[in-house]
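Undergrad: Below is the file run-v8.tsv, which contains TSV, C-alpha atoms.
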```
chain	number	residue	atom	x	y	z
X	1	MET	CA	37.14	-22.95	5.70
X	2	SER	CA	38.26	-26.53	5.10
X	3	THR	CA	40.01	-27.67	1.94
X	4	PRO	CA	37.57	-29.17	-0.61
X	5	ILE	CA	37.82	-32.89	-1.31
X	6	ILE	CA	37.82	-32.50	-5.10
X	7	ALA	CA	39.63	-29.53	-6.61
X	8	PRO	CA	37.58	-27.65	-9.21
X	9	ALA	CA	38.50	-28.55	-12.78
X	10	LYS	CA	40.21	-25.89	-14.86
X	11	PRO	CA	37.88	-24.67	-17.63
X	12	LYS	CA	38.90	-25.87	-21.09
X	13	ASN	CA	37.05	-23.26	-23.15
X	14	ALA	CA	35.18	-19.98	-22.83
X	15	ARG	CA	31.80	-21.67	-22.36
X	16	SER	CA	32.91	-23.75	-19.38
X	17	LYS	CA	34.66	-20.70	-17.94
X	18	ARG	CA	31.42	-18.69	-18.06
X	19	ALA	CA	29.60	-21.56	-16.36
X	20	ALA	CA	32.23	-21.68	-13.59
X	21	VAL	CA	31.99	-17.91	-13.06
X	22	ALA	CA	28.19	-18.14	-12.84
X	23	ARG	CA	28.51	-20.59	-9.94
X	24	GLU	CA	30.82	-18.37	-7.90
X	25	PRO	CA	29.42	-16.39	-4.94
X	26	LYS	CA	28.04	-12.99	-5.93
X	27	LEU	CA	27.72	-9.74	-4.01
X	28	VAL	CA	24.12	-9.29	-5.20
X	29	GLU	CA	22.07	-12.47	-5.70
X	30	LYS	CA	18.90	-11.76	-7.65
X	31	GLU	CA	17.84	-15.34	-8.36
X	32	ALA	CA	16.08	-17.89	-6.17
X	33	LYS	CA	18.34	-20.40	-4.43
X	34	THR	CA	18.15	-24.13	-5.13
X	35	ALA	CA	17.37	-26.47	-2.23
X	36	VAL	CA	18.15	-30.20	-2.08
X	37	PHE	CA	15.82	-32.51	-0.10
X	38	VAL	CA	17.64	-35.53	1.35
X	39	ARG	CA	16.23	-38.54	3.18
X	40	SER	CA	18.38	-40.40	5.66
X	41	ALA	CA	18.00	-44.10	6.38
X	42	GLY	CA	14.92	-45.23	8.33
X	43	ILE	CA	12.87	-42.02	8.51
X	44	SER	CA	9.36	-41.93	9.97
X	45	ASP	CA	6.06	-41.10	8.29
X	46	LYS	CA	6.09	-37.65	9.88
X	47	VAL	CA	9.42	-36.85	8.28
X	48	LYS	CA	8.31	-38.19	4.87
X	49	THR	CA	5.20	-36.02	4.96
X	50	ALA	CA	7.18	-32.96	6.04
X	51	LEU	CA	9.75	-33.36	3.25
X	52	THR	CA	7.01	-33.83	0.64
X	53	GLU	CA	4.99	-30.82	1.78
X	54	LEU	CA	7.95	-28.47	2.11
X	55	ASN	CA	9.13	-29.58	-1.33
X	56	GLN	CA	5.74	-28.52	-2.73
X	57	LEU	CA	6.23	-25.06	-1.23
X	58	LYS	CA	9.77	-24.78	-2.63
X	59	LYS	CA	9.07	-25.93	-6.22
X	60	PRO	CA	10.34	-25.36	-8.91
X	61	HIS	CA	13.66	-24.44	-7.22
X	62	SER	CA	14.18	-27.81	-5.54
X	63	ILE	CA	15.96	-31.12	-6.11
X	64	THR	CA	14.72	-34.31	-4.42
X	65	PHE	CA	16.87	-37.37	-3.77
X	66	SER	CA	14.63	-40.40	-4.18
X	67	LYS	CA	16.95	-42.86	-2.45
X	68	SER	CA	17.85	-42.82	1.23
X	69	ASN	CA	21.41	-41.89	2.22
X	70	LEU	CA	23.53	-42.79	5.22
X	71	ILE	CA	24.33	-39.27	6.35
X	72	ARG	CA	25.00	-37.62	9.69
X	73	PRO	CA	25.36	-33.90	8.94
X	74	PHE	CA	26.60	-32.82	12.37
X	75	GLU	CA	29.36	-35.46	12.39
X	76	ASP	CA	30.55	-35.43	8.76
X	77	ALA	CA	29.61	-32.78	6.18
X	78	ALA	CA	31.76	-34.10	3.31
X	79	SER	CA	28.74	-35.46	1.41
X	80	LEU	CA	26.93	-32.14	1.69
X	81	ASN	CA	29.95	-30.27	0.32
X	82	PHE	CA	30.10	-32.63	-2.65
X	83	TRP	CA	26.35	-32.35	-3.38
X	84	SER	CA	26.47	-28.59	-3.09
X	85	SER	CA	29.19	-28.31	-5.73
X	86	LYS	CA	27.66	-30.97	-7.95
X	87	ASN	CA	24.12	-29.53	-8.01
X	88	ASP	CA	25.02	-25.84	-7.60
X	89	ALA	CA	22.80	-25.72	-4.50
X	90	SER	CA	23.37	-23.77	-1.29
X	91	LEU	CA	20.42	-25.07	0.78
X	92	PHE	CA	19.65	-28.53	2.17
X	93	LEU	CA	16.76	-30.01	4.12
X	94	ILE	CA	17.62	-33.42	5.60
X	95	GLY	CA	15.05	-35.72	7.19
X	96	THR	CA	16.36	-37.80	10.10
X	97	HIS	CA	14.86	-40.16	12.65
X	98	THR	CA	16.69	-41.83	15.52
X	99	LYS	CA	15.69	-43.16	18.90
X	100	LYS	CA	17.38	-40.28	20.68
X	101	ARG	CA	16.12	-37.57	18.30
X	102	PRO	CA	12.93	-38.74	16.59
X	103	HIS	CA	11.18	-36.94	13.69
X	104	GLY	CA	13.95	-34.46	12.92
X	105	LEU	CA	14.62	-31.97	10.14
X	106	VAL	CA	18.08	-30.48	9.63
X	107	TRP	CA	18.22	-27.15	7.79
X	108	VAL	CA	21.64	-26.60	6.19
X	109	ARG	CA	22.98	-23.47	4.51
X	110	CYS	CA	26.20	-23.47	2.46
X	111	PHE	CA	28.57	-20.81	1.19
X	112	ALA	CA	31.08	-21.24	-1.65
X	113	GLY	CA	30.31	-24.97	-1.89
X	114	GLU	CA	30.90	-25.72	1.81
X	115	VAL	CA	28.58	-26.06	4.81
X	116	MET	CA	28.31	-22.79	6.72
X	117	GLU	CA	25.63	-23.45	9.37
X	118	MET	CA	23.06	-26.06	10.44
X	119	LEU	CA	19.95	-26.12	12.61
X	120	GLU	CA	17.97	-29.18	13.71
X	121	VAL	CA	14.28	-29.00	14.59
X	122	GLY	CA	11.91	-31.68	15.81
X	123	ILE	CA	8.48	-32.24	14.24
X	124	GLU	CA	5.85	-32.23	16.98
X	125	GLU	CA	2.79	-31.98	14.70
X	126	VAL	CA	2.26	-32.09	10.94
X	127	MET	CA	-0.80	-31.58	8.71
X	128	ALA	CA	-0.54	-32.03	4.94
X	129	MET	CA	-2.19	-29.92	2.22
X	130	SER	CA	-4.61	-32.74	1.50
X	131	ASP	CA	-6.13	-32.28	4.97
X	132	PHE	CA	-7.48	-28.86	3.95
X	133	LYS	CA	-10.21	-28.27	1.40
X	134	GLY	CA	-10.15	-25.51	-1.18
X	135	ILE	CA	-8.18	-24.37	-4.20
X	136	LYS	CA	-4.40	-24.66	-3.82
X	137	SER	CA	-2.01	-21.93	-4.87
X	138	THR	CA	0.18	-22.34	-7.93
X	139	ALA	CA	3.67	-23.78	-7.63
X	140	GLY	CA	6.46	-21.23	-7.64
X	141	SER	CA	4.53	-18.42	-5.94
X	142	VAL	CA	6.64	-16.60	-3.36
X	143	PRO	CA	4.96	-16.49	0.07
X	144	LEU	CA	4.65	-13.52	2.41
X	145	PHE	CA	6.16	-14.27	5.84
X	146	HIS	CA	4.70	-13.01	9.10
X	147	PHE	CA	6.70	-13.54	12.32
X	148	SER	CA	4.98	-13.13	15.66
X	149	ALA	CA	5.13	-14.47	19.21
X	150	THR	CA	2.98	-14.82	22.27
X	151	GLU	CA	3.27	-12.20	24.99
X	152	PRO	CA	5.97	-13.81	27.21
X	153	HIS	CA	8.21	-14.42	24.17
X	154	SER	CA	7.59	-11.34	22.04
X	155	THR	CA	11.30	-10.42	21.76
X	156	LEU	CA	12.82	-13.82	20.99
X	157	TRP	CA	12.94	-13.29	17.21
X	158	ASP	CA	15.33	-10.37	17.70
X	159	SER	CA	17.20	-11.35	20.88
X	160	HIS	CA	17.70	-15.14	20.99
X	161	PRO	CA	20.48	-16.41	18.63
X	162	THR	CA	18.75	-19.73	17.80
X	163	TYR	CA	15.49	-18.03	16.80
X	164	GLN	CA	17.42	-15.43	14.82
X	165	GLN	CA	19.17	-18.23	12.95
X	166	PHE	CA	15.90	-20.06	12.24
X	167	LYS	CA	14.26	-16.88	10.96
X	168	SER	CA	17.21	-16.12	8.67
X	169	ILE	CA	17.22	-19.67	7.25
X	170	LEU	CA	13.46	-19.65	6.58
X	171	LEU	CA	13.61	-16.33	4.72
X	172	ASP	CA	16.60	-17.50	2.68
X	173	PHE	CA	15.02	-20.90	1.99
X	174	PHE	CA	11.75	-19.61	0.51
X	175	ARG	CA	13.01	-16.44	-1.16
X	176	GLY	CA	12.31	-16.01	-4.87
X	177	ASN	CA	13.77	-13.94	-7.66
X	178	GLU	CA	14.46	-10.36	-6.66
X	179	MET	CA	11.96	-7.95	-8.22
X	180	ASP	CA	11.50	-4.19	-8.27
X	181	GLY	CA	7.86	-4.34	-7.16
X	182	VAL	CA	5.16	-6.76	-6.01
X	183	ALA	CA	1.70	-6.95	-7.56
X	184	LEU	CA	-1.13	-7.30	-5.05
X	185	LYS	CA	-2.92	-9.92	-7.13
X	186	GLY	CA	0.26	-11.98	-7.34
X	187	LEU	CA	0.22	-12.57	-3.58
X	188	GLU	CA	-1.34	-16.01	-3.16
X	189	ARG	CA	0.19	-17.44	0.00
X	190	VAL	CA	0.98	-16.24	3.53
X	191	ILE	CA	3.14	-18.18	5.99
X	192	SER	CA	2.74	-17.28	9.65
X	193	VAL	CA	5.54	-18.34	12.00
X	194	THR	CA	4.59	-17.89	15.66
X	195	ILE	CA	6.49	-18.65	18.84
X	196	GLY	CA	4.17	-20.45	21.23
X	197	SER	CA	4.54	-21.84	24.72
X	198	SER	CA	7.02	-24.58	25.60
X	199	SER	CA	6.07	-28.11	26.60
X	200	ALA	CA	6.92	-27.34	30.24
X	201	GLU	CA	4.58	-24.33	30.20
X	202	GLN	CA	1.84	-26.45	28.59
X	203	ALA	CA	2.25	-29.03	31.34
X	204	GLY	CA	2.04	-26.31	33.99
X	205	GLU	CA	-1.14	-24.89	32.48
X	206	ALA	CA	-2.65	-28.37	32.28
X	207	LEU	CA	-1.74	-28.96	35.93
X	208	GLN	CA	-3.45	-25.73	37.00
X	209	ASN	CA	-6.57	-26.41	34.95
X	210	ALA	CA	-6.84	-30.02	36.11
X	211	ALA	CA	-6.30	-29.51	39.84
X	212	GLY	CA	-8.15	-32.20	41.84
X	213	LYS	CA	-9.51	-34.19	38.84
X	214	GLY	CA	-7.96	-37.59	39.59
X	215	LYS	CA	-5.09	-39.76	38.43
X	216	ALA	CA	-6.14	-39.78	34.75
X	217	VAL	CA	-5.16	-36.13	34.35
X	218	GLU	CA	-1.89	-36.71	36.22
X	219	SER	CA	-0.97	-39.45	33.77
X	220	LEU	CA	-1.68	-37.02	30.90
X	221	ILE	CA	0.61	-34.42	32.43
X	222	GLY	CA	3.30	-37.07	32.92
X	223	GLY	CA	3.00	-37.91	29.23
X	224	LEU	CA	3.79	-34.29	28.33
X	225	ASN	CA	6.99	-34.36	30.38
X	226	ARG	CA	8.07	-37.82	29.26
X	227	ASN	CA	10.55	-38.32	26.45
X	228	PRO	CA	8.46	-39.59	23.49
X	229	SER	CA	11.24	-41.89	22.28
X	230	GLY	CA	11.67	-43.56	25.65
X	231	GLY	CA	15.45	-43.07	25.55
X	232	GLY	CA	17.76	-40.55	27.13
X	233	ASP	CA	17.29	-36.82	27.32
X	234	TYR	CA	17.73	-34.59	24.30
X	235	GLU	CA	20.70	-32.28	24.03
X	236	GLU	CA	18.47	-29.33	23.13
X	237	ASP	CA	17.10	-26.91	25.66
X	238	LYS	CA	13.56	-28.02	26.49
X	239	SER	CA	12.75	-24.65	27.99
X	240	LEU	CA	12.66	-23.07	24.52
X	241	PRO	CA	9.11	-22.54	23.27
X	242	VAL	CA	7.88	-24.31	20.16
X	243	VAL	CA	7.39	-22.65	16.76
X	244	HIS	CA	4.07	-22.89	14.90
X	245	PHE	CA	4.45	-22.89	11.11
X	246	ARG	CA	1.09	-22.15	9.45
X	247	THR	CA	0.32	-21.64	5.73
X	248	TYR	CA	-2.74	-19.68	4.54
X	249	ASN	CA	-4.28	-18.92	1.18
X	250	VAL	CA	-5.10	-15.27	0.32
X	251	HIS	CA	-8.54	-14.25	-0.98
X	252	PHE	CA	-9.34	-10.73	-2.19
X	253	MET	CA	-12.98	-9.82	-1.56
X	254	ARG	CA	-15.02	-6.84	-2.68
X	255	SER	CA	-15.03	-4.00	-0.21
X	256	GLY	CA	-16.66	-1.09	-2.11
X	257	VAL	CA	-13.36	0.83	-2.12
X	258	PRO	CA	-10.30	0.54	-4.41
X	259	THR	CA	-8.48	-1.51	-1.74
X	260	PRO	CA	-9.92	-5.06	-1.55
X	261	ARG	CA	-10.80	-6.83	1.67
X	262	VAL	CA	-8.29	-9.60	2.39
X	263	GLU	CA	-9.31	-12.91	3.93
X	264	LEU	CA	-7.10	-15.87	4.85
X	265	SER	CA	-8.11	-19.52	4.66
X	266	PRO	CA	-6.03	-22.52	5.85
X	267	HIS	CA	-4.00	-23.86	2.97
X	268	GLY	CA	-1.48	-26.24	4.50
X	269	PRO	CA	0.92	-27.58	5.39
X	270	HIS	CA	0.89	-26.87	9.13
X	271	PHE	CA	3.81	-27.77	11.39
X	272	THR	CA	4.81	-27.44	15.02
X	273	PHE	CA	8.58	-27.40	15.44
X	274	SER	CA	10.74	-27.70	18.53
X	275	LEU	CA	14.24	-26.26	18.27
X	276	ARG	CA	17.13	-28.63	18.94
X	277	ARG	CA	20.88	-28.43	18.38
X	278	SER	CA	22.48	-25.92	16.03
X	279	GLN	CA	25.85	-25.14	14.50
X	280	LYS	CA	26.70	-21.47	14.13
X	281	PRO	CA	28.81	-20.20	11.21
X	282	ALA	CA	32.42	-19.17	11.70
X	283	GLN	CA	33.00	-15.45	12.09
X	284	GLU	CA	35.25	-15.15	9.02
X	285	VAL	CA	32.88	-17.12	6.77
X	286	TRP	CA	29.86	-15.16	7.98
X	287	LYS	CA	31.65	-11.89	7.27
X	288	LEU	CA	32.37	-13.00	3.69
X	289	ALA	CA	28.80	-14.22	3.19
X	290	MET	CA	27.30	-10.94	4.44
X	291	LYS	CA	29.60	-8.72	2.38
X	292	LYS	CA	27.65	-6.07	0.49
X	293	LYS	CA	28.40	-3.97	-2.52
X	294	GLU	CA	29.93	-0.63	-1.63
X	295	LYS	CA	27.69	2.30	-2.43
X	296	LYS	CA	29.21	5.22	-4.28
X	297	SER	CA	29.05	8.51	-2.40
X	298	THR	CA	26.70	10.98	-4.08
X	299	GLY	CA	27.76	13.99	-1.99
X	300	SER	CA	31.12	14.76	-3.61
X	301	LYS	CA	31.79	14.71	-7.33
X	302	PRO	CA	34.17	12.01	-8.54
X	303	LYS	CA	37.68	13.29	-9.22
X	304	ASN	CA	38.75	12.84	-12.84
X	305	LYS	CA	42.41	12.08	-13.31
X	306	ASN	CA	44.47	13.94	-15.95
X	307	ILE	CA	41.62	16.34	-16.69
X	308	ASP	CA	41.93	20.04	-15.89
X	309	ILE	CA	40.44	23.39	-16.90
X	310	ASN	CA	42.78	26.04	-18.34
X	311	GLU	CA	42.65	29.82	-17.93
X	312	MET	CA	40.16	30.18	-20.79
X	313	GLY	CA	37.72	27.81	-19.13
X	314	ASP	CA	38.28	24.96	-21.59
X	315	LYS	CA	38.58	21.39	-20.41
X	316	VAL	CA	42.03	20.03	-21.16
X	317	GLY	CA	43.01	16.36	-20.97
X	318	ARG	CA	46.39	14.74	-20.72
X	319	VAL	CA	47.07	11.39	-22.28
X	320	HIS	CA	50.16	9.40	-21.33
X	321	VAL	CA	51.69	7.44	-24.22
X	322	ASP	CA	54.71	5.18	-24.02
X	323	ARG	CA	57.89	6.06	-25.91
X	324	GLN	CA	57.57	5.00	-29.55
X	325	ASP	CA	60.24	3.48	-31.77
X	326	LEU	CA	60.13	5.66	-34.89
X	327	SER	CA	62.45	3.33	-36.81
X	328	GLN	CA	59.62	0.81	-37.00
X	329	LEU	CA	57.12	3.45	-38.16
X	330	GLN	CA	55.46	2.60	-41.47
X	331	THR	CA	55.69	5.57	-43.90
X	332	ARG	CA	54.74	6.18	-47.50
X	333	LYS	CA	57.33	4.81	-49.95
X	334	PHE	CA	58.70	7.16	-52.70
X	335	LYS	CA	60.67	6.01	-55.72
X	336	GLY	CA	63.45	8.53	-55.15
X	337	LEU	CA	64.06	7.33	-51.59
X	338	LYS	CA	64.85	3.80	-52.61
X	339	LYS	CA	68.50	2.72	-52.26
X	340	ARG	CA	70.36	2.06	-55.48
X	341	LYS	CA	72.37	-1.03	-56.12
X	342	GLY	CA	75.95	-0.69	-54.83
X	343	GLU	CA	75.22	2.55	-52.91
X	344	ASP	CA	76.37	2.86	-49.32
X	345	THR	CA	74.07	3.77	-46.48
X	346	ASP	CA	75.76	7.19	-46.16
X	347	GLY	CA	74.19	8.36	-49.39
X	348	GLY	CA	77.27	8.29	-51.75
X	349	ASP	CA	79.67	10.51	-49.78
X	350	THR	CA	82.64	8.28	-50.72
X	351	GLY	CA	82.24	8.93	-54.47
X	352	ALA	CA	82.18	12.69	-53.91
X	353	GLU	CA	85.41	12.62	-51.93
X	354	SER	CA	87.24	10.62	-54.63
X	355	GLU	CA	86.00	12.98	-57.30
X	356	GLY	CA	87.25	15.96	-55.29
X	357	GLY	CA	90.70	14.33	-54.91
X	358	ALA	CA	91.04	13.91	-58.67
X	359	GLN	CA	90.27	17.57	-59.25
X	360	SER	CA	92.91	18.75	-56.76
X	361	ASP	CA	95.60	16.70	-58.44
X	362	GLY	CA	95.01	17.57	-62.11
X	363	GLY	CA	92.88	20.69	-61.96
X	364	GLU	CA	89.59	20.90	-63.74
X	365	LYS	CA	88.60	17.89	-65.76
X	366	PRO	CA	88.03	18.89	-69.45
X	367	LEU	CA	84.74	17.97	-71.08
X	368	SER	CA	84.84	15.40	-73.83
X	369	GLY	CA	84.56	16.78	-77.30
X	370	GLY	CA	81.89	14.39	-78.49
X	371	GLY	CA	78.61	15.79	-79.60
X	372	GLY	CA	76.16	15.40	-76.81
X	373	GLU	CA	77.92	12.57	-74.99
X	374	GLY	CA	78.99	14.93	-72.17
X	375	ARG	CA	75.39	15.89	-71.49
X	376	LYS	CA	74.19	12.35	-71.21
X	377	ARG	CA	74.12	10.86	-67.75
X	378	LYS	CA	75.80	7.53	-67.43
X	379	LYS	CA	73.66	4.81	-66.06
X	380	VAL	CA	75.26	3.11	-63.17
```
Let's see the structure in the file written out as structure tokens.

TA:
Amino acid sequence: MSTPIIAPAKPKNARSKRAAVAREPKLVEKEAKTAVFVRSAGISDKVKTALTELNQLKKPHSITFSKSNLIRPFEDAASLNFWSSKNDASLFLIGTHTKKRPHGLVWVRCFAGEVMEMLEVGIEEVMAMSDFKGIKSTAGSVPLFHFSATEPHSTLWDSHPTYQQFKSILLDFFRGNEMDGVALKGLERVISVTIGSSSAEQAGEALQNAAGKGKAVESLIGGLNRNPSGGGDYEEDKSLPVVHFRTYNVHFMRSGVPTPRVELSPHGPHFTFSLRRSQKPAQEVWKLAMKKKEKKSTGSKPKNKNIDINEMGDKVGRVHVDRQDLSQLQTRKFKGLKKRKGEDTDGGDTGAESEGGAQSDGGEKPLSGGGGEGRKRKKV
């Protein structure tokens, strides 16, 4: 991973620290991801319509840039890294249009504030929601995805790396908040993604069906093989079949049984995409992004440290405590334990020795003959 342009600011208080922790990558992401829709300079009407319609499907977890930006994601991803950190977004959809690659959409996925992978598709056909009649589904409803393919390409979703990448990005782009269950009545939208035939196969079928019908049909077939921009060849593999993106509305009809009869009606938008160039993620970054939470083994019981069972069957615990300094221990204060003024720390042993020395020299010390003065204790 490259070094970020702007180093993250150190949090000044607990609130900003919690906000910074909330933006960090998580092992289990239960919330919908935010996507940023970006328009490059000089896009076509097809690209404008596609960005608007896909934004309607992604709402309310989307951010739209109203102004056009001079951006080339495959050449310089510094702007995407900055926008990802600034808006706390990990998904981008960039509309591009050039003479060499007309009507393009670049799907970008980030990890830890940096671009991880990109995939560019070309818009062959587009139909907006307004082209279909009927009641539209509510914004924010999570769609049900259905991936299929025609018979010659039935295994491409699981075998071809570009189609695997496109499928993974689509599921991550339109995912919602993680829930324990799904209500049947809450299912309002179905998106069908089907791999169709390539442009070369369409031209071959048209050639077979139009055998011997004159030069007009030959010019039509030549138009299928011709580059629509009139420039050089694309870098993508033209042999790859196109992808049909279709959106349907779900209707639950009466069936006479507890399970309703489900009917689908065209909802829009409808797209036909052709796969172009792609940038795969680095192996180390992909391994970090796909890291999962380790599951605790349920077969063996967890071993408790410092806990044992004695001979009587009682559970005994052992607590390790550091060595304590008993001189600093706070105890109850008694009046008799207080030190007197002028008394040594040894407890008055010096006075006893001097008194013993006086007795050895002159024998026993006679009591004074005063009345009661010998019984009184002198105050020191």

Undergrad: May I have a table of the residues of segment 155-205 of chain X lying at most 12 Å from segment 248-271 of chain X, giving each one's closest pair of atoms and their distance in Å to one decimal, counting all atoms listed in the file, ordered by chain and ascending residue number, as a Markdown table?

TA:
```
| residue | atom | partner | partner_atom | distance |
| --- | --- | --- | --- | --- |
| X:Leu184 | CA | X:Phe252 | CA | 9.3 |
| X:Lys185 | CA | X:Phe252 | CA | 8.1 |
| X:Gly186 | CA | X:Val250 | CA | 9.9 |
| X:Leu187 | CA | X:Val250 | CA | 7.1 |
| X:Glu188 | CA | X:Val250 | CA | 5.2 |
| X:Arg189 | CA | X:Asn249 | CA | 4.9 |
| X:Val190 | CA | X:Tyr248 | CA | 5.2 |
| X:Ile191 | CA | X:Tyr248 | CA | 6.2 |
| X:Ser192 | CA | X:Tyr248 | CA | 7.9 |
| X:Val193 | CA | X:Phe271 | CA | 9.6 |
| X:Thr194 | CA | X:Phe271 | CA | 10.8 |
```

Undergrad: Would you output that residue set with C-alpha atoms, as a PDB file, keeping the file's coordinate frame?

TA:
```pdb
ATOM      1  CA  LEU X 184      -1.130  -7.300  -5.050  1.00  0.00           C
ATOM      2  CA  LYS X 185      -2.920  -9.920  -7.130  1.00  0.00           C
ATOM      3  CA  GLY X 186       0.260 -11.980  -7.340  1.00  0.00           C
ATOM      4  CA  LEU X 187       0.220 -12.570  -3.580  1.00  0.00           C
ATOM      5  CA  GLU X 188      -1.340 -16.010  -3.160  1.00  0.00           C
ATOM      6  CA  ARG X 189       0.190 -17.440   0.000  1.00  0.00           C
ATOM      7  CA  VAL X 190       0.980 -16.240   3.530  1.00  0.00           C
ATOM      8  CA  ILE X 191       3.140 -18.180   5.990  1.00  0.00           C
ATOM      9  CA  SER X 192       2.740 -17.280   9.650  1.00  0.00           C
ATOM     10  CA  VAL X 193       5.540 -18.340  12.000  1.00  0.00           C
ATOM     11  CA  THR X 194       4.590 -17.890  15.660  1.00  0.00           C
TER      12      THR X 194
END
```

Undergrad: Would you pick out the contacts of Gly317 of chain X at 12 Å or less, using all atoms listed in the file, so that residues sharing its chain but fewer than 6 positions from it are not included, and give the list as a PyMOL selection string?

TA: chain X and resi 304-310

Undergrad: Expressed in Å to a single decimal, how great is the separation between atom CA of Ala50 of chain X and atom CA of Val126 of chain X?

TA: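 Rounded to one decimal, the two atoms are 7.0 Å apart.
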
Undergrad: Within 8 Å of Glu178 of chain X, counting all atoms listed in the file, which residues show up once you throw out same-chain ones fewer than 2 positions away? Write them as a CSV table (one decimal) with C-alpha atoms, keeping the file's coordinate frame, please.

TA:
```csv
chain,number,residue,atom,x,y,z
X,29,GLU,CA,22.1,-12.5,-5.7
X,30,LYS,CA,18.9,-11.8,-7.6
X,31,GLU,CA,17.8,-15.3,-8.4
X,32,ALA,CA,16.1,-17.9,-6.2
X,176,GLY,CA,12.3,-16.0,-4.9
X,180,ASP,CA,11.5,-4.2,-8.3
```

Undergrad: Would you kindly return, as a list of chain:residue names, each protein, DNA or RNA residue with an atom no farther than 12 Å from any atom of Arg72 of chain X, considering only C-alpha atoms and excluding same-chain residues fewer than 2 positions away?

TA: X:Val38, X:Arg39, X:Ser40, X:Ala41, X:Asn69, X:Leu70, X:Phe74, X:Glu75, X:Asp76, X:Ala77, X:Ala78, X:Ser79, X:Leu80, X:Ile94, X:Gly95, X:Thr96, X:His97, X:Thr98, X:Gly104, X:Leu105, X:Val106, X:Met118, X:Glu120
